[in-house]
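Participant: Attaching a single structure in structure tokens format; questions to follow.
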Amino acid sequence: MRLKRAVLSHLTASLFVLCTLLGGAAHADSLASFLPEIPPNELVPGADAYGPIREDVPVAPVLKAGETVAWAFLTSDFVGTTGYSGKPIHVVAAIDTDAVLTGVKLVKHSEPIVLIGIPNSKMVALTEGYAGLDLKVEAETGGEGHDLDIISGATVTIMVIDDSLVRGGIRVSRALGLGGLAPLQVGPKRELNMEIQDAQGWTTLAGDGSVRRMTLDLGQVNAAFAGMGDKRAAKRPEKGEPGDTFIDMNMALVSVPSIGRSLLGDNEYQNLVDWLDEGEHAILVVGRGKYSFKGSGYVRGGIFDRIQLIQGDNSVRFFDKQHRRVRALATTDSPSFVELDLFKIPADADFDPAEPFRLQLLVQRSVGALDRVFLTWDLGYRLPERFLLPLPVATVVDNASDEAAAKAALWQRIWKAKTVEITILCGMLLVLTATFFFQFQATWKARRFYWFRIGYLTLTLVFIGWYANAQLSVVNVMALANSMRSGFTWDAFLMDPLVFIQWFAIAAALLFWGRGAYCGWLCPFGALQELTNQIARYFKVPQWTLPWGLHERLWPIKYMIFLGLFGVSLASLETAEQLAEVEPFKTAIILKFVRDWPFVVFAVSLLVAGLFIERFYCRYLCPLGGALAIPARMRMFDWLRRYKECGSPCQTCANECPVQAIHPTGEINPNECVNCLHCQVLYQSEDKCPVIIRQLKRRASTGSAEIKIPTKDAPKNHPNAKTT
């Protein structure tokens, strides 16, 4: 008993010390607040001072001997920089007059940065590596002019930093006219005239610009490679006569009704319309000659790497799912082509059919066993004026819509990058849902169900927790409440697809099963507690059962912690997030105990307590569990089967419940139940359930053919019913 009191006292003291040590006043995050901390020569070599921040554009001149050599800016002043944590990632960068980044500094973030042991210094070094990035090239290629270095475990953070530096830098360059980048012309947008649907011949379409053409002969291509200064490329010219056709490539915007009907025919055009969703467009690309604009790389990787569509700062690369072949053109006067292909332009590409765009062709030449050199040629396109409606008299431009579109494109990139992880998580959710719906069948064999649960919890800990870092937190709840107050947007919540999917699943599960669906199966720290407790049981570590009166009085602690954190969050979300370190999730799951020793001691103390009292933290301290239990009161179904003898006189389930969620009177407390389904295993046990044992004895003595379950709640076809 003294040992129990000592452990509880130690945990209480650790919790108090942890909460009192956390804190720190927040200050306004702005360029003015960060610049004094950065020596000018770290942004521009040789610089010695900063000038005053401009009023029209939030940038500061970087001075060298009194002259402006670059401009410093804060990325979050120009674009959204919300990261994995749901808070902005602040980066200060400097751009010279040629629109080249001269220096970059990661100045503040709230990311759980030591993901899988990643030191903050590595993130800082990667960010500073963007010095030298040419924003003119990025503006021309739609942000695809550089390779993206990804650190495993910090994908979201890196993609946000990359996106904010490229888009923010281009906006600053356009605003200041750096590197010849002029401000984008903002005005009324032209719209397509969908009423024009007359069919025309190839000659007419080529004559008015509806079909655009680019031809290259072998002589032009060989001369271009020879002129690039690489002797290896000059020594390997394309074989053939200089006048032979290297490629004859033509392009048309066939989502315009008249052009599409003319080139594809009515039936094929209707198939195209059915293929395209709202906001999508399509181009037809046809070609002939020695060089293929498709190549064969898409067969292996699913992406067409020889062409990309570019419009303004945006670029589109096409995947095999966005591609269809065309058998033949409907025009009778068109040339003969070897390749005829349709490419879909997705709605999230922000493509404007009324604005000029170009199709860039990448031409490659092998110069060694593994080495290649590349050149590009552009096929420009502008829709003829007759297909456009007249300009509206007036229009209102919403700059926020551009930022919203950019944020949407970013989270969509993140979701696409995590396709495998999303698939695995969805599979786990489907298995868990099936287990709950067919829980009576799932728990029929006690040993089989035990190992199924152990395997599932192991996958939860290793995959959801330590690999994917998708541990949910009470911070998510507070951030959601704060977002509702300050103007809700989905962007921050969509940045981590695994966390978003889990919350979506939990919202549904709360109505069906309560909080136990997450707490008992999907919480990595909960899984860690249960698995370590099972190991402790294997080594005969004694298990403590607290007296019911004490146990019942310790339940409310987690609710009080949650309400306290929630109240603090209404005044200061940052302070509440610091106090939320009462959750050991970040230490034990996200950072894998690679942290300052007070945090590690606190997390380990909770796990040690869990060796003696199963799921000690879940039972008494977890504010996330308390937060989930409150809306779980709305659940519509009671799935757990009970006999009328449960609690009076039988106490088997109450005594064996891993979290003591069953009252001595037999009722299951849904606020505390973690849906481990152990009571359902006992419900069918021929060794432990008195009701089943009594029926077996009666059958043995009377020769009865079936077990009669003495309760209206029992199923008609009980799995343990046997015939003699």
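Labels used: A, B, ... for chains in the order of the structure tokens, numbers from 1 for residues in each chain, and numbers from 1 for ligands as shown.
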Distance table requested - region 586-700 of chain A against region 512-520 of chain A, cut-off 7 Å, only C-alpha atoms: one row per qualifying residue with the closest atom pair and its distance in Å to one decimal, ordered by chain and rising residue number, as JSON lines.

Facilitator:
```
{"residue": "A:Gly625", "atom": "CA", "partner": "A:Cys519", "partner_atom": "CA", "distance": 6.9}
{"residue": "A:Leu628", "atom": "CA", "partner": "A:Arg515", "partner_atom": "CA", "distance": 5.5}
{"residue": "A:Ala629", "atom": "CA", "partner": "A:Arg515", "partner_atom": "CA", "distance": 5.6}
{"residue": "A:Ala632", "atom": "CA", "partner": "A:Gly514", "partner_atom": "CA", "distance": 4.6}
{"residue": "A:Arg635", "atom": "CA", "partner": "A:Phe512", "partner_atom": "CA", "distance": 5.3}
{"residue": "A:Met636", "atom": "CA", "partner": "A:Phe512", "partner_atom": "CA", "distance": 5.9}
{"residue": "A:Phe637", "atom": "CA", "partner": "A:Phe512", "partner_atom": "CA", "distance": 5.7}
{"residue": "A:Pro670", "atom": "CA", "partner": "A:Gly514", "partner_atom": "CA", "distance": 6.7}
{"residue": "A:Cys673", "atom": "CA", "partner": "A:Gly516", "partner_atom": "CA", "distance": 5.9}
{"residue": "A:Val674", "atom": "CA", "partner": "A:Gly516", "partner_atom": "CA", "distance": 3.7}
{"residue": "A:Asn675", "atom": "CA", "partner": "A:Gly516", "partner_atom": "CA", "distance": 4.7}
{"residue": "A:Cys676", "atom": "CA", "partner": "A:Gly520", "partner_atom": "CA", "distance": 5.9}
```

Participant: Emit the selected residues as a PDB file, in the first residue's frame, including N, CA and C atoms.

Facilitator:
```
ATOM      1  N   GLY A 625      -9.006  11.832 -23.569  1.00  0.00           N
ATOM      2  CA  GLY A 625     -10.069  10.887 -23.248  1.00  0.00           C
ATOM      3  C   GLY A 625     -11.268  11.578 -22.637  1.00  0.00           C
ATOM      4  N   LEU A 628     -13.163  13.425 -25.392  1.00  0.00           N
ATOM      5  CA  LEU A 628     -13.958  12.541 -26.246  1.00  0.00           C
ATOM      6  C   LEU A 628     -15.162  11.965 -25.513  1.00  0.00           C
ATOM      7  N   ALA A 629     -15.044  11.794 -24.199  1.00  0.00           N
ATOM      8  CA  ALA A 629     -16.141  11.193 -23.434  1.00  0.00           C
ATOM      9  C   ALA A 629     -17.358  12.107 -23.359  1.00  0.00           C
ATOM     10  N   ALA A 632     -19.415  11.786 -26.437  1.00  0.00           N
ATOM     11  CA  ALA A 632     -19.778  10.377 -26.577  1.00  0.00           C
ATOM     12  C   ALA A 632     -21.075  10.041 -25.856  1.00  0.00           C
ATOM     13  N   ARG A 635     -24.088   8.896 -28.010  1.00  0.00           N
ATOM     14  CA  ARG A 635     -24.093   7.668 -28.810  1.00  0.00           C
ATOM     15  C   ARG A 635     -25.491   7.060 -28.852  1.00  0.00           C
ATOM     16  N   MET A 636     -25.808   6.470 -29.988  1.00  0.00           N
ATOM     17  CA  MET A 636     -27.180   6.025 -30.246  1.00  0.00           C
ATOM     18  C   MET A 636     -27.402   4.548 -29.967  1.00  0.00           C
ATOM     19  N   PHE A 637     -26.319   3.769 -29.793  1.00  0.00           N
ATOM     20  CA  PHE A 637     -26.484   2.330 -29.665  1.00  0.00           C
ATOM     21  C   PHE A 637     -25.734   1.812 -28.443  1.00  0.00           C
ATOM     22  N   PRO A 670     -20.073   4.014 -20.020  1.00  0.00           N
ATOM     23  CA  PRO A 670     -19.578   4.273 -21.382  1.00  0.00           C
ATOM     24  C   PRO A 670     -18.516   5.363 -21.427  1.00  0.00           C
ATOM     25  N   CYS A 673     -15.331   3.174 -20.581  1.00  0.00           N
ATOM     26  CA  CYS A 673     -15.102   1.956 -21.351  1.00  0.00           C
ATOM     27  C   CYS A 673     -14.234   2.246 -22.576  1.00  0.00           C
ATOM     28  N   VAL A 674     -13.224   1.388 -22.807  1.00  0.00           N
ATOM     29  CA  VAL A 674     -12.352   1.554 -23.969  1.00  0.00           C
ATOM     30  C   VAL A 674     -12.662   0.533 -25.062  1.00  0.00           C
ATOM     31  N   ASN A 675     -13.805  -0.119 -24.956  1.00  0.00           N
ATOM     32  CA  ASN A 675     -14.265  -1.057 -25.987  1.00  0.00           C
ATOM     33  C   ASN A 675     -13.224  -2.127 -26.331  1.00  0.00           C
ATOM     34  N   CYS A 676     -12.568  -2.641 -25.306  1.00  0.00           N
ATOM     35  CA  CYS A 676     -11.591  -3.707 -25.556  1.00  0.00           C
ATOM     36  C   CYS A 676     -12.279  -5.027 -25.870  1.00  0.00           C
TER      37      CYS A 676
END
```

Participant: Could you find all residues in region 146-304 of chain A that DSSP calls alpha helix (DSSP H) from the backbone, and write them as a ChimeraX atom specification?

Facilitator: /A:155-176,202-208,218-226,231-234,257-264,266-275,297-301

Participant: Applying 12 Å and only C-alpha atoms, which residues near Gly427 (chain A) remain after dropping the ones on its own chain fewer than 6 positions away? List them as a CSV table (one decimal) with C-alpha atoms, in the first residue's frame.

Facilitator:
```csv
chain,number,residue,atom,x,y,z
A,420,VAL,CA,0.3,4.4,-49.1
A,421,GLU,CA,-0.1,5.6,-45.5
A,433,THR,CA,-15.4,-1.3,-38.0
A,434,ALA,CA,-16.1,-4.8,-39.0
A,456,TYR,CA,-3.8,-4.5,-33.9
A,459,LEU,CA,0.3,-1.9,-35.6
A,501,ILE,CA,-9.0,10.9,-41.3
```

Participant: To test your reading of the structure, identify every residue in region 179-264 of chain A that backbone DSSP assigns to strand (DSSP E or B), and report it as a ChimeraX atom specification.

Facilitator: /A:192,211-217,245-253

Participant: Using N, CA and C atoms, can you export the residues from the last selection as a short mmCIF file (atom, residue, chain, number, x, y, z; two decimals), in the first residue's frame?

Facilitator:
```
data_model
loop_
_atom_site.label_atom_id
_atom_site.label_comp_id
_atom_site.auth_asym_id
_atom_site.auth_seq_id
_atom_site.Cartn_x
_atom_site.Cartn_y
_atom_site.Cartn_z
N LEU A 192 -15.29 31.60 -71.64
CA LEU A 192 -15.52 30.92 -72.91
C LEU A 192 -16.94 31.13 -73.39
N VAL A 211 -5.61 25.38 -83.69
CA VAL A 211 -4.59 24.35 -83.60
C VAL A 211 -3.24 25.03 -83.79
N ARG A 212 -2.33 24.80 -82.85
CA ARG A 212 -0.99 25.39 -82.94
C ARG A 212 0.03 24.29 -83.22
N ARG A 213 1.06 24.66 -83.97
CA ARG A 213 2.02 23.67 -84.45
C ARG A 213 3.45 24.09 -84.13
N MET A 214 4.29 23.09 -83.82
CA MET A 214 5.73 23.29 -83.65
C MET A 214 6.46 22.16 -84.37
N THR A 215 7.38 22.51 -85.25
CA THR A 215 8.15 21.49 -85.96
C THR A 215 9.64 21.72 -85.70
N LEU A 216 10.34 20.63 -85.50
CA LEU A 216 11.79 20.66 -85.32
C LEU A 216 12.39 19.62 -86.26
N ASP A 217 13.44 20.02 -86.99
CA ASP A 217 14.13 19.03 -87.81
C ASP A 217 15.43 18.61 -87.13
N THR A 245 12.42 15.23 -90.30
CA THR A 245 11.57 15.69 -89.19
C THR A 245 11.97 15.01 -87.89
N PHE A 246 12.35 15.82 -86.92
CA PHE A 246 12.60 15.30 -85.57
C PHE A 246 11.28 15.13 -84.83
N ILE A 247 10.44 16.17 -84.84
CA ILE A 247 9.09 16.08 -84.29
C ILE A 247 8.22 17.16 -84.92
N ASP A 248 7.01 16.77 -85.25
CA ASP A 248 5.98 17.70 -85.72
C ASP A 248 4.85 17.57 -84.71
N MET A 249 4.73 18.54 -83.79
CA MET A 249 3.78 18.45 -82.69
C MET A 249 2.73 19.55 -82.82
N ASN A 250 1.46 19.14 -82.68
CA ASN A 250 0.35 20.08 -82.77
C ASN A 250 -0.50 19.97 -81.51
N MET A 251 -1.11 21.07 -81.12
CA MET A 251 -1.91 21.09 -79.90
C MET A 251 -3.16 21.91 -80.11
N ALA A 252 -4.27 21.48 -79.46
CA ALA A 252 -5.53 22.23 -79.50
C ALA A 252 -6.25 22.05 -78.17
N LEU A 253 -6.97 23.10 -77.76
CA LEU A 253 -7.77 23.05 -76.53
C LEU A 253 -9.14 22.49 -76.88
#
```

Participant: Taking 5 positions as the minimum chain separation for residues in the same chain, which residues sit within 10 Å of Leu425 (chain A) when counting only C-alpha atoms? Answer as a PDB file with C-alpha atoms, in the first residue's frame.

Facilitator:
```
ATOM      1  CA  VAL A 420       0.312   4.438 -49.071  1.00  0.00           C
ATOM      2  CA  LEU A 430     -12.386  -0.910 -42.010  1.00  0.00           C
ATOM      3  CA  VAL A 431     -11.093  -3.893 -40.029  1.00  0.00           C
ATOM      4  CA  THR A 460      -1.318   1.119 -34.007  1.00  0.00           C
ATOM      5  CA  PHE A 463       2.543   2.481 -37.790  1.00  0.00           C
ATOM      6  CA  ILE A 464       0.166   5.205 -36.583  1.00  0.00           C
ATOM      7  CA  ALA A 468       3.382   8.105 -39.232  1.00  0.00           C
ATOM      8  CA  LEU A 498      -3.781  10.713 -41.244  1.00  0.00           C
ATOM      9  CA  ILE A 501      -8.977  10.874 -41.343  1.00  0.00           C
ATOM     10  CA  GLN A 502      -8.780   9.719 -37.733  1.00  0.00           C
ATOM     11  CA  LEU A 522      -6.267   3.646 -32.293  1.00  0.00           C
TER      12      LEU A 522
END
```

Participant: Determine, counting only C-alpha atoms, which protein, DNA and RNA residues have an atom within 7 Å of an atom of Pro524 (chain A); residues of the same chain fewer than 3 positions away are not included. Present the result as a list in words.

Facilitator: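 Everything that qualifies: Thr460, Leu461, Ile464, Gly465, Gln471, Ala527 and Leu528 of chain A.
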
Participant: If you count only C-alpha atoms, which residues fall within 9 Å of Leu359 (chain A), apart from same-chain ones fewer than 6 positions away, as a PDB file with C-alpha atoms, in the first residue's frame?

Facilitator:
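Saved as part-v9.pdb:
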```
ATOM      1  CA  MET A 251      -1.905  21.089 -79.896  1.00  0.00           C
ATOM      2  CA  ILE A 307       5.799  17.457 -71.636  1.00  0.00           C
ATOM      3  CA  GLN A 308       4.336  19.890 -69.168  1.00  0.00           C
ATOM      4  CA  LEU A 309       1.770  22.650 -69.508  1.00  0.00           C
ATOM      5  CA  ILE A 310       2.811  26.059 -68.162  1.00  0.00           C
ATOM      6  CA  GLN A 311       0.611  29.092 -67.581  1.00  0.00           C
ATOM      7  CA  TRP A 377      11.206  23.885 -76.686  1.00  0.00           C
ATOM      8  CA  ASP A 378       7.869  25.618 -76.133  1.00  0.00           C
ATOM      9  CA  LEU A 379       4.674  25.347 -78.169  1.00  0.00           C
ATOM     10  CA  GLY A 380       2.677  28.472 -77.355  1.00  0.00           C
ATOM     11  CA  TYR A 381      -1.111  28.630 -77.477  1.00  0.00           C
TER      12      TYR A 381
END
```

Participant: Name the closest residue to Ser572 (chain A) among the candidates A:Leu389, A:Ala479, A:Val691, A:Ile535; distances are taken between atoms, counting only C-alpha atoms.

Facilitator: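 Checking each candidate against Ser572 (chain A), we get A:Ala479 as the closest.
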
Participant: Between CA of Arg171 (chain A) and CA of Pro183 (chain A), what is the distance in Å, rounded to a tenth?

Facilitator: 8.2 Å

Participant: Considering only C-alpha atoms, return as number ranges by chain whatever protein or nucleic-acid residues lie within 10 Å of Pro690 (chain A), sequence-local ones (same chain, fewer than 6 positions apart) excluded.

Facilitator: A: 645-646, 649-652, 682-683, 696

Participant: Select, from A:Ser255, A:Glu238, A:Pro584, A:Leu135, the residue with the minimum atom-to-atom distance to Pro598 (chain A), counting only C-alpha atoms.

Facilitator: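 Among A:Ser255, A:Glu238, A:Pro584, A:Leu135, it is A:Pro584 that comes nearest to Pro598 (chain A).
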
Participant: Could you check the closest approach to Asn482 (chain A) for each of A:Gly219, A:Gly549, A:Pro542, A:Gly567 and tell me which residue wins, using only C-alpha atoms?

Facilitator: A:Gly567

Participant: What separation in Å, quoted to one decimal, exists between CA of His663 (chain A) and CA of Leu511 (chain A)?

Facilitator: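 These atoms are spaced 22.5 Å apart.
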
Participant: If you measure from CA of Cys653 (chain A) to CA of Lys688 (chain A), what distance in Å do you get, rounded to one decimal?

Facilitator: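 A separation of 9.3 Å between them.
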